[in-house]
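What follows is a single structure, written as structure tokens, with notes after it.
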Amino acid sequence: MLSGDHDLPDGIGMARLAWTRLPTADGAGAEGPVPVPASPSSAGYELFAGGVESLDYEVIENYAYREEQAQRSKFWVPYYVMLKWLFSLLIGVGTGLAAIFINLAVENFSGWKYAATFAIIQHSYFVGFFVYVVFNLALVFSSVYIVTHFAPAAAGSGIPEIKGYLNGVDTHGILLFRTLVGKIFGSIGSVGGGLALGKEGPLVHTGACIASLLGQVTCGCAAGVAAAFRAPVGGVLFALEEVTSWWRSHLMWRVFFTSAVVAVVVRSAMNWCKSGKCGHFGSGGFIIWDISGGQEDYSYQELLPMAIIGVIGGLLGALFNQLTLYITKWRRTYLHKKGKRVKIFEACLISLITSTISFVLPLMRKCSPCPQLETNSGIECPRPPGTDGNFVNFYCSKDNEYNDLATIFFNSQVMFYSLAVVTFGTAVPAGQFVPGIMIGSTYGRLVGMFVVKFYKKLNVEEGTYALLGAASFLGGSMRMTVSLCVIMVEITNNLKLLPLIMLVLLISKAVGDFFNEGLYEVQAQLRGIPLLDSRPKQVMRNMSAKDACKNQKVVSLPRVSRIVDIISVLRSNKHNGFPVVDRGQNGESLVIGLILRSHLLVLLQSKVDFQNSPFPCGPGILNRHNTSDFVKPPSSKGKSIDDIHLTEDELGLYLDLAPFLNPSPYIVPEDMSLAKVYNLFRQLGLRHIFVVPRPSRVVGLITRQDLLLEENGNNVTTELQSTSGSQKPEA
């Protein structure tokens, strides 16, 4: 096989100069796969269990990519920017319409259900109960059937999977179009069927699925939150704080624009529905907690009970996370392995229990007389049957009375702590925002009632404490701070409560962190999604890169490989990246780049690059492929080695890997601390890092000044001065 720098284009030629030599195993030749000892290794090869695979965020600067970049005109950049903004607009409109459709369906199904139930119980309580249970069972059955038979990835909230995707881990199926359809209709059935869950978490997944069609998943996450809570700024901060692992400034503008579009679409639909054109929907369905006319101020005496609310929220939130973890583990180990019928039976059984509790508990509560309401308030007591709101007349002897418990249970969402714990993890789309809000507001109002009785002279509003309780439980369970704070302010329309919300969130998060991780982190761990935290563990500072990969056996490929050898390597290894080696002028092995498994499969399936000669090919091969040929659709399983079918003659041919490999992957010296490798890996969104011996020489040194290039390609002439007699900051 020919070797020498003149046979290689500039990218690989420079790589040969910069890279160190890679030792090979004894007796390994250049005509077959080369098993390499553990010291020069590449980290991050694993295909994780459960259909979870790392993503390739790194740009593969191979020759097809460079040729495509060179052919682009000067108008390509503004065209690309305009296209991104157009996609952001479409994502906002699509997510807003999806949210409106879900809310319209849920509220109308719920309205028809409650209208029929209230009409029948005037004549027969048991017949009304039967109709109520059957209605809920039908909706829940439709939801669980869609998930189990059509879109399994639509189960749950989807936030842990989306968080994993933006962390660099792809769970197969989470962003497919069928998952989007299953999420929308499954949410309608599960929420409309009265289960102890909400539709806000699934809306985040819905927005991400819509956005994935246009390649903008982060915008979709923010759009989902903005649609669920009518909180555009909260949606941006949610995407920044909770789901993304790295962030770019220009992405902020597009995410904010998408959230603003969602807010406009949702508000326009709500204004249109107020005229009565949307059936039972009215303006309901979207979380609006307007207490702007409530408590105007607070005293320092109230800070203690508010801090107690934060502690309670942290304790109950941590307990909720732990209970859902135990129950979900048991459910996955003993129930869900038995098949789809067991999942359907479980969801229907929980629906029956929830319907019974929500129907029977109000009978244990005496009715209360309706309060005096202003004539122009727009609030009716009791409310008309089948409409959404407060003051439900359920089995009351008088027409001007309402039932407190019926007011809670006979709304679109059924809330109860134990029911939420049991329901979370069933095979239906399920969110925990609304259950958390209702659970927290319950003990928050109890504390508020105590404060009203204890501080008799203060102007205390119980609703303020209910709001703080809701924020504390969400903070104690989900461990969000900034985004949740802004969301609560946006849905309450009261900026004066911002310091109080900040207080309870900080306390509840601190208390919850003392016991366990947040809800999404716990669920991601349970689903086998290997999230990389924002900072490395302390033990990594005492480990080197070589320590992390000392047990690995790296399999590399020669530059010109036989097809049969490539097939053998792909069948015998689960690795997703392989070093490519070539012979130097003196016969030594040199690493010239990294070839991805997915790229090898594309080349094997196309067959157009096969050659009879065992020598490197010419440059004409570059015109046979575009970079789009190697792109794997989001959440798809991609190509498999089982999909490759070759004849005996084709197995004896050769393939030159040089035009398709990444000639400049990231490399680290073997004695670099694992903590530095961790930060590099996470912040750059990498899938592979080569670990090599200490380089023998330095080609050059890049400083900050070398990176400050003007449009004409010249360096900025400003000289960076050294400080305090030390070396220059850029060096």
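Identifiers in this document derive from the order of the structure tokens: chains are assigned A, B, ..., residues are numbered from 1 separately in each chain, and ligands are numbered from 1 in order of occurrence.
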Stretch 196-257 of chain A near stretch 163-176 of chain A within 10 Å: what's each residue's closest atom pair and its distance in Å to one decimal, counting only C-alpha atoms, ordered by chain then ascending residue number, as CSV?
```
residue,atom,partner,partner_atom,distance
A:His205,CA,A:Leu175,CA,8.3
A:Thr206,CA,A:Leu175,CA,8.8
A:Gly207,CA,A:Leu175,CA,9.9
A:Ala208,CA,A:Leu175,CA,7.2
A:Cys209,CA,A:Leu175,CA,4.8
A:Ile210,CA,A:Leu175,CA,8.2
A:Ala211,CA,A:Leu175,CA,9.0
A:Ser212,CA,A:Leu175,CA,6.5
A:Leu213,CA,A:Leu175,CA,8.3
A:Val217,CA,A:Leu166,CA,8.0
A:Thr218,CA,A:Leu166,CA,7.6
A:Cys221,CA,A:Lys163,CA,9.4
A:Ala239,CA,A:Lys163,CA,9.1
A:Glu242,CA,A:Lys163,CA,7.4
A:Val243,CA,A:Lys163,CA,4.4
A:Thr244,CA,A:Leu166,CA,5.3
A:Ser245,CA,A:Asn167,CA,5.2
A:Trp246,CA,A:Asn167,CA,8.0
```
Please dump the current selection as an mmCIF file, in the first residue's frame; keep N, CA and C atoms.
```cif
data_model
loop_
_atom_site.group_PDB
_atom_site.id
_atom_site.type_symbol
_atom_site.label_atom_id
_atom_site.label_comp_id
_atom_site.auth_asym_id
_atom_site.auth_seq_id
_atom_site.Cartn_x
_atom_site.Cartn_y
_atom_site.Cartn_z
ATOM 1 N N HIS A 205 -42.906 17.927 25.421
ATOM 2 C CA HIS A 205 -42.527 16.864 24.487
ATOM 3 C C HIS A 205 -43.173 17.103 23.121
ATOM 4 N N THR A 206 -44.428 17.547 23.124
ATOM 5 C CA THR A 206 -45.110 17.833 21.866
ATOM 6 C C THR A 206 -44.394 18.926 21.091
ATOM 7 N N GLY A 207 -44.021 20.003 21.781
ATOM 8 C CA GLY A 207 -43.291 21.073 21.122
ATOM 9 C C GLY A 207 -41.953 20.611 20.567
ATOM 10 N N ALA A 208 -41.259 19.737 21.321
ATOM 11 C CA ALA A 208 -39.975 19.222 20.843
ATOM 12 C C ALA A 208 -40.153 18.348 19.608
ATOM 13 N N CYS A 209 -41.220 17.549 19.570
ATOM 14 C CA CYS A 209 -41.478 16.713 18.391
ATOM 15 C C CYS A 209 -41.768 17.564 17.163
ATOM 16 N N ILE A 210 -42.566 18.619 17.341
ATOM 17 C CA ILE A 210 -42.850 19.515 16.222
ATOM 18 C C ILE A 210 -41.566 20.193 15.752
ATOM 19 N N ALA A 211 -40.755 20.629 16.711
ATOM 20 C CA ALA A 211 -39.521 21.336 16.363
ATOM 21 C C ALA A 211 -38.498 20.415 15.715
ATOM 22 N N SER A 212 -38.509 19.132 16.082
ATOM 23 C CA SER A 212 -37.528 18.211 15.501
ATOM 24 C C SER A 212 -37.744 18.023 14.010
ATOM 25 N N LEU A 213 -38.969 18.225 13.553
ATOM 26 C CA LEU A 213 -39.235 18.147 12.121
ATOM 27 C C LEU A 213 -38.478 19.228 11.360
ATOM 28 N N VAL A 217 -34.935 21.604 18.249
ATOM 29 C CA VAL A 217 -35.564 20.974 19.412
ATOM 30 C C VAL A 217 -35.630 21.917 20.597
ATOM 31 N N THR A 218 -34.586 22.712 20.812
ATOM 32 C CA THR A 218 -34.587 23.626 21.953
ATOM 33 C C THR A 218 -35.734 24.625 21.859
ATOM 34 N N CYS A 221 -38.962 22.953 23.037
ATOM 35 C CA CYS A 221 -39.108 22.817 24.488
ATOM 36 C C CYS A 221 -39.632 24.100 25.110
ATOM 37 N N ALA A 239 -35.984 26.212 29.081
ATOM 38 C CA ALA A 239 -35.071 25.574 28.128
ATOM 39 C C ALA A 239 -33.622 25.811 28.517
ATOM 40 N N GLU A 242 -33.225 23.959 32.471
ATOM 41 C CA GLU A 242 -33.598 22.591 32.791
ATOM 42 C C GLU A 242 -33.215 21.570 31.739
ATOM 43 N N VAL A 243 -33.296 21.901 30.458
ATOM 44 C CA VAL A 243 -33.147 20.848 29.446
ATOM 45 C C VAL A 243 -31.869 20.938 28.629
ATOM 46 N N THR A 244 -31.323 22.124 28.412
ATOM 47 C CA THR A 244 -30.146 22.226 27.554
ATOM 48 C C THR A 244 -28.867 22.090 28.367
ATOM 49 N N SER A 245 -27.844 21.526 27.743
ATOM 50 C CA SER A 245 -26.552 21.357 28.397
ATOM 51 C C SER A 245 -25.551 22.411 27.953
ATOM 52 N N TRP A 246 -25.719 22.951 26.777
ATOM 53 C CA TRP A 246 -24.881 24.064 26.326
ATOM 54 C C TRP A 246 -25.755 25.040 25.563
#
```
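With only C-alpha atoms as the atoms that count, the minimum distance from A:Arg341 to the choices A:Phe229, A:Tyr145, A:Trp253, A:Phe126 is reached by A:Tyr145.
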Open item on the list: For the structure I just gave you, how does DSSP split stretch 117-276 of chain A - specifically, which residues are strand (DSSP E or B)? Reply as a VMD selection string.
Closed with: chain A and resid 156 169 to 171 198
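The residue that comes closest to A:Phe150, out of A:Gly128, A:Gly182, A:Pro633, A:Pro579 and on the basis of only C-alpha atoms, is A:Gly182.
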- [ ] Please identify which residues in stretch 426-626 of chain A DSSP calls helix (DSSP H, G or I) from the backbone, and express them as an MDAnalysis selection string.
- [x] chainID A and resid 433:454 462:478 482:492 495:515 519:526 538:542 545:548 563:572 597:606 619:624
Convert the current residue selection to file output with C-alpha atoms, as an mmCIF file, in the first residue's frame.
```cif
data_model
loop_
_atom_site.group_PDB
_atom_site.id
_atom_site.type_symbol
_atom_site.label_atom_id
_atom_site.label_comp_id
_atom_site.auth_asym_id
_atom_site.auth_seq_id
_atom_site.Cartn_x
_atom_site.Cartn_y
_atom_site.Cartn_z
ATOM 1 C CA PHE A 433 -46.750 20.366 36.861
ATOM 2 C CA VAL A 434 -50.467 20.579 37.618
ATOM 3 C CA PRO A 435 -50.500 17.816 40.280
ATOM 4 C CA GLY A 436 -47.591 19.598 41.935
ATOM 5 C CA ILE A 437 -49.416 22.912 41.853
ATOM 6 C CA MET A 438 -52.553 21.436 43.398
ATOM 7 C CA ILE A 439 -50.707 19.412 46.043
ATOM 8 C CA GLY A 440 -48.604 22.387 47.067
ATOM 9 C CA SER A 441 -51.494 24.821 47.113
ATOM 10 C CA THR A 442 -53.340 22.522 49.528
ATOM 11 C CA TYR A 443 -50.801 22.667 52.357
ATOM 12 C CA GLY A 444 -49.973 26.250 51.439
ATOM 13 C CA ARG A 445 -53.557 27.282 52.076
ATOM 14 C CA LEU A 446 -53.552 25.377 55.369
ATOM 15 C CA VAL A 447 -50.543 27.396 56.503
ATOM 16 C CA GLY A 448 -52.309 30.537 55.275
ATOM 17 C CA MET A 449 -55.380 29.710 57.364
ATOM 18 C CA PHE A 450 -53.152 29.304 60.418
ATOM 19 C CA VAL A 451 -51.464 32.652 59.738
ATOM 20 C CA VAL A 452 -54.846 34.370 59.365
ATOM 21 C CA LYS A 453 -55.916 33.078 62.777
ATOM 22 C CA PHE A 454 -52.557 33.703 64.463
ATOM 23 C CA GLU A 462 -54.816 32.670 51.961
ATOM 24 C CA GLY A 463 -54.463 32.517 48.185
ATOM 25 C CA THR A 464 -50.958 33.972 48.436
ATOM 26 C CA TYR A 465 -49.901 31.104 50.677
ATOM 27 C CA ALA A 466 -51.535 28.604 48.325
ATOM 28 C CA LEU A 467 -49.403 30.008 45.508
ATOM 29 C CA LEU A 468 -46.248 29.771 47.632
ATOM 30 C CA GLY A 469 -47.120 26.197 48.531
ATOM 31 C CA ALA A 470 -47.458 25.299 44.858
ATOM 32 C CA ALA A 471 -44.086 26.868 44.085
ATOM 33 C CA SER A 472 -42.445 25.092 47.032
ATOM 34 C CA PHE A 473 -43.655 21.641 46.007
ATOM 35 C CA LEU A 474 -42.547 22.106 42.409
ATOM 36 C CA GLY A 475 -39.187 23.400 43.616
ATOM 37 C CA GLY A 476 -38.818 20.502 46.033
ATOM 38 C CA SER A 477 -39.697 17.926 43.386
ATOM 39 C CA MET A 478 -38.338 19.284 40.080
ATOM 40 C CA VAL A 482 -35.136 30.684 38.036
ATOM 41 C CA SER A 483 -37.466 29.350 35.336
ATOM 42 C CA LEU A 484 -40.078 28.164 37.831
ATOM 43 C CA CYS A 485 -39.965 31.503 39.619
ATOM 44 C CA VAL A 486 -40.662 33.391 36.404
ATOM 45 C CA ILE A 487 -43.383 30.920 35.380
ATOM 46 C CA MET A 488 -45.185 31.393 38.700
ATOM 47 C CA VAL A 489 -44.962 35.174 38.372
ATOM 48 C CA GLU A 490 -46.290 35.060 34.810
ATOM 49 C CA ILE A 491 -49.263 32.836 35.625
ATOM 50 C CA THR A 492 -50.192 34.900 38.710
ATOM 51 C CA LEU A 495 -44.752 40.889 40.377
ATOM 52 C CA LYS A 496 -44.899 41.842 44.064
ATOM 53 C CA LEU A 497 -44.762 38.161 45.028
ATOM 54 C CA LEU A 498 -41.410 37.637 43.306
ATOM 55 C CA PRO A 499 -39.271 37.863 46.493
ATOM 56 C CA LEU A 500 -41.540 35.438 48.332
ATOM 57 C CA ILE A 501 -41.497 32.926 45.490
ATOM 58 C CA MET A 502 -37.716 33.177 45.339
ATOM 59 C CA LEU A 503 -37.515 32.515 49.088
ATOM 60 C CA VAL A 504 -39.636 29.367 49.096
ATOM 61 C CA LEU A 505 -37.951 28.020 45.951
ATOM 62 C CA LEU A 506 -34.470 28.405 47.381
ATOM 63 C CA ILE A 507 -35.474 26.726 50.635
ATOM 64 C CA SER A 508 -37.439 23.892 49.026
ATOM 65 C CA LYS A 509 -34.637 23.120 46.547
ATOM 66 C CA ALA A 510 -32.007 23.111 49.287
ATOM 67 C CA VAL A 511 -34.096 20.773 51.453
ATOM 68 C CA GLY A 512 -34.898 18.471 48.526
ATOM 69 C CA ASP A 513 -31.268 18.289 47.363
ATOM 70 C CA PHE A 514 -30.308 17.040 50.804
ATOM 71 C CA PHE A 515 -32.285 13.816 50.202
ATOM 72 C CA LEU A 519 -37.667 14.321 39.484
ATOM 73 C CA TYR A 520 -36.371 14.458 35.922
ATOM 74 C CA GLU A 521 -32.876 13.311 36.905
ATOM 75 C CA VAL A 522 -34.336 10.390 38.861
ATOM 76 C CA GLN A 523 -36.578 9.375 35.980
ATOM 77 C CA ALA A 524 -33.730 9.729 33.479
ATOM 78 C CA GLN A 525 -31.570 7.441 35.596
ATOM 79 C CA LEU A 526 -34.410 4.955 35.841
ATOM 80 C CA GLN A 538 -14.644 15.101 42.767
ATOM 81 C CA VAL A 539 -13.045 11.692 42.268
ATOM 82 C CA MET A 540 -12.365 12.564 38.615
ATOM 83 C CA ARG A 541 -9.813 15.171 39.655
ATOM 84 C CA ASN A 542 -7.593 12.366 40.932
ATOM 85 C CA ALA A 545 -7.760 10.032 30.929
ATOM 86 C CA LYS A 546 -5.675 6.879 30.701
ATOM 87 C CA ASP A 547 -7.280 5.537 33.890
ATOM 88 C CA ALA A 548 -10.750 5.909 32.383
ATOM 89 C CA ILE A 563 -15.011 -4.868 2.689
ATOM 90 C CA VAL A 564 -15.038 -8.245 4.434
ATOM 91 C CA ASP A 565 -12.816 -6.843 7.215
ATOM 92 C CA ILE A 566 -15.109 -3.875 7.728
ATOM 93 C CA ILE A 567 -18.133 -6.169 7.920
ATOM 94 C CA SER A 568 -16.313 -8.366 10.438
ATOM 95 C CA VAL A 569 -15.448 -5.376 12.647
ATOM 96 C CA LEU A 570 -18.999 -4.017 12.593
ATOM 97 C CA ARG A 571 -20.502 -7.388 13.455
ATOM 98 C CA SER A 572 -18.066 -8.176 16.265
ATOM 99 C CA ARG A 597 -20.068 3.459 12.318
ATOM 100 C CA SER A 598 -23.059 5.194 10.734
ATOM 101 C CA HIS A 599 -20.856 6.516 7.920
ATOM 102 C CA LEU A 600 -19.435 3.067 7.262
ATOM 103 C CA LEU A 601 -22.932 1.643 6.975
ATOM 104 C CA VAL A 602 -23.917 4.342 4.458
ATOM 105 C CA LEU A 603 -20.841 3.563 2.364
ATOM 106 C CA LEU A 604 -21.450 -0.186 2.513
ATOM 107 C CA GLN A 605 -25.066 0.208 1.495
ATOM 108 C CA SER A 606 -24.380 2.573 -1.407
ATOM 109 C CA PRO A 619 -9.884 13.010 -5.501
ATOM 110 C CA GLY A 620 -12.742 12.312 -7.942
ATOM 111 C CA ILE A 621 -14.565 10.281 -5.333
ATOM 112 C CA LEU A 622 -15.573 13.439 -3.501
ATOM 113 C CA ASN A 623 -18.358 14.243 -5.961
ATOM 114 C CA ARG A 624 -20.293 11.040 -5.202
#
```
- [ ] May I have the residues within 7 Å of A:Leu139 as a ChimeraX atom specification, using only C-alpha atoms and disregarding those fewer than 6 positions away in the same chain?
- [x] /A:189-190,192-193
Residues as selected, C-alpha atoms, written as a CSV table (one decimal), in the first residue's frame, can you do that?
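Final output, result35.csv:
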```csv
chain,number,residue,atom,x,y,z
A,189,GLY,CA,-57.5,10.8,26.8
A,190,SER,CA,-55.4,10.7,30.0
A,192,GLY,CA,-59.8,14.2,30.0
A,193,GLY,CA,-60.2,10.8,31.7
```
- [ ] Just the residues within 9 Å of A:Glu650, please, counting only C-alpha atoms, with nothing from its chain fewer than 2 positions along; format it as a count of residues only.
- [x] 10
Task: Surrounding residues of A:Trp85 excluding itself and chain neighbours under 4 positions, 7 Å, only C-alpha atoms, as number ranges by chain - done: A: 81, 89, 254
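Picture a line from atom CA of A:Lys329 to atom CA of A:Ala155; it runs 15.3 Å.
Candidate residues A:Gln216, A:Asn493, A:Phe129, A:Asn516 were compared for distance to A:Ala231, and the nearest is A:Asn493, using only C-alpha atoms.
Proximity to A:Glu346 at 9 Å, evaluated using only C-alpha atoms and with sequence-adjacent residues fewer than 6 positions away removed, yields A:Leu335, A:Thr426, A:Ala427.
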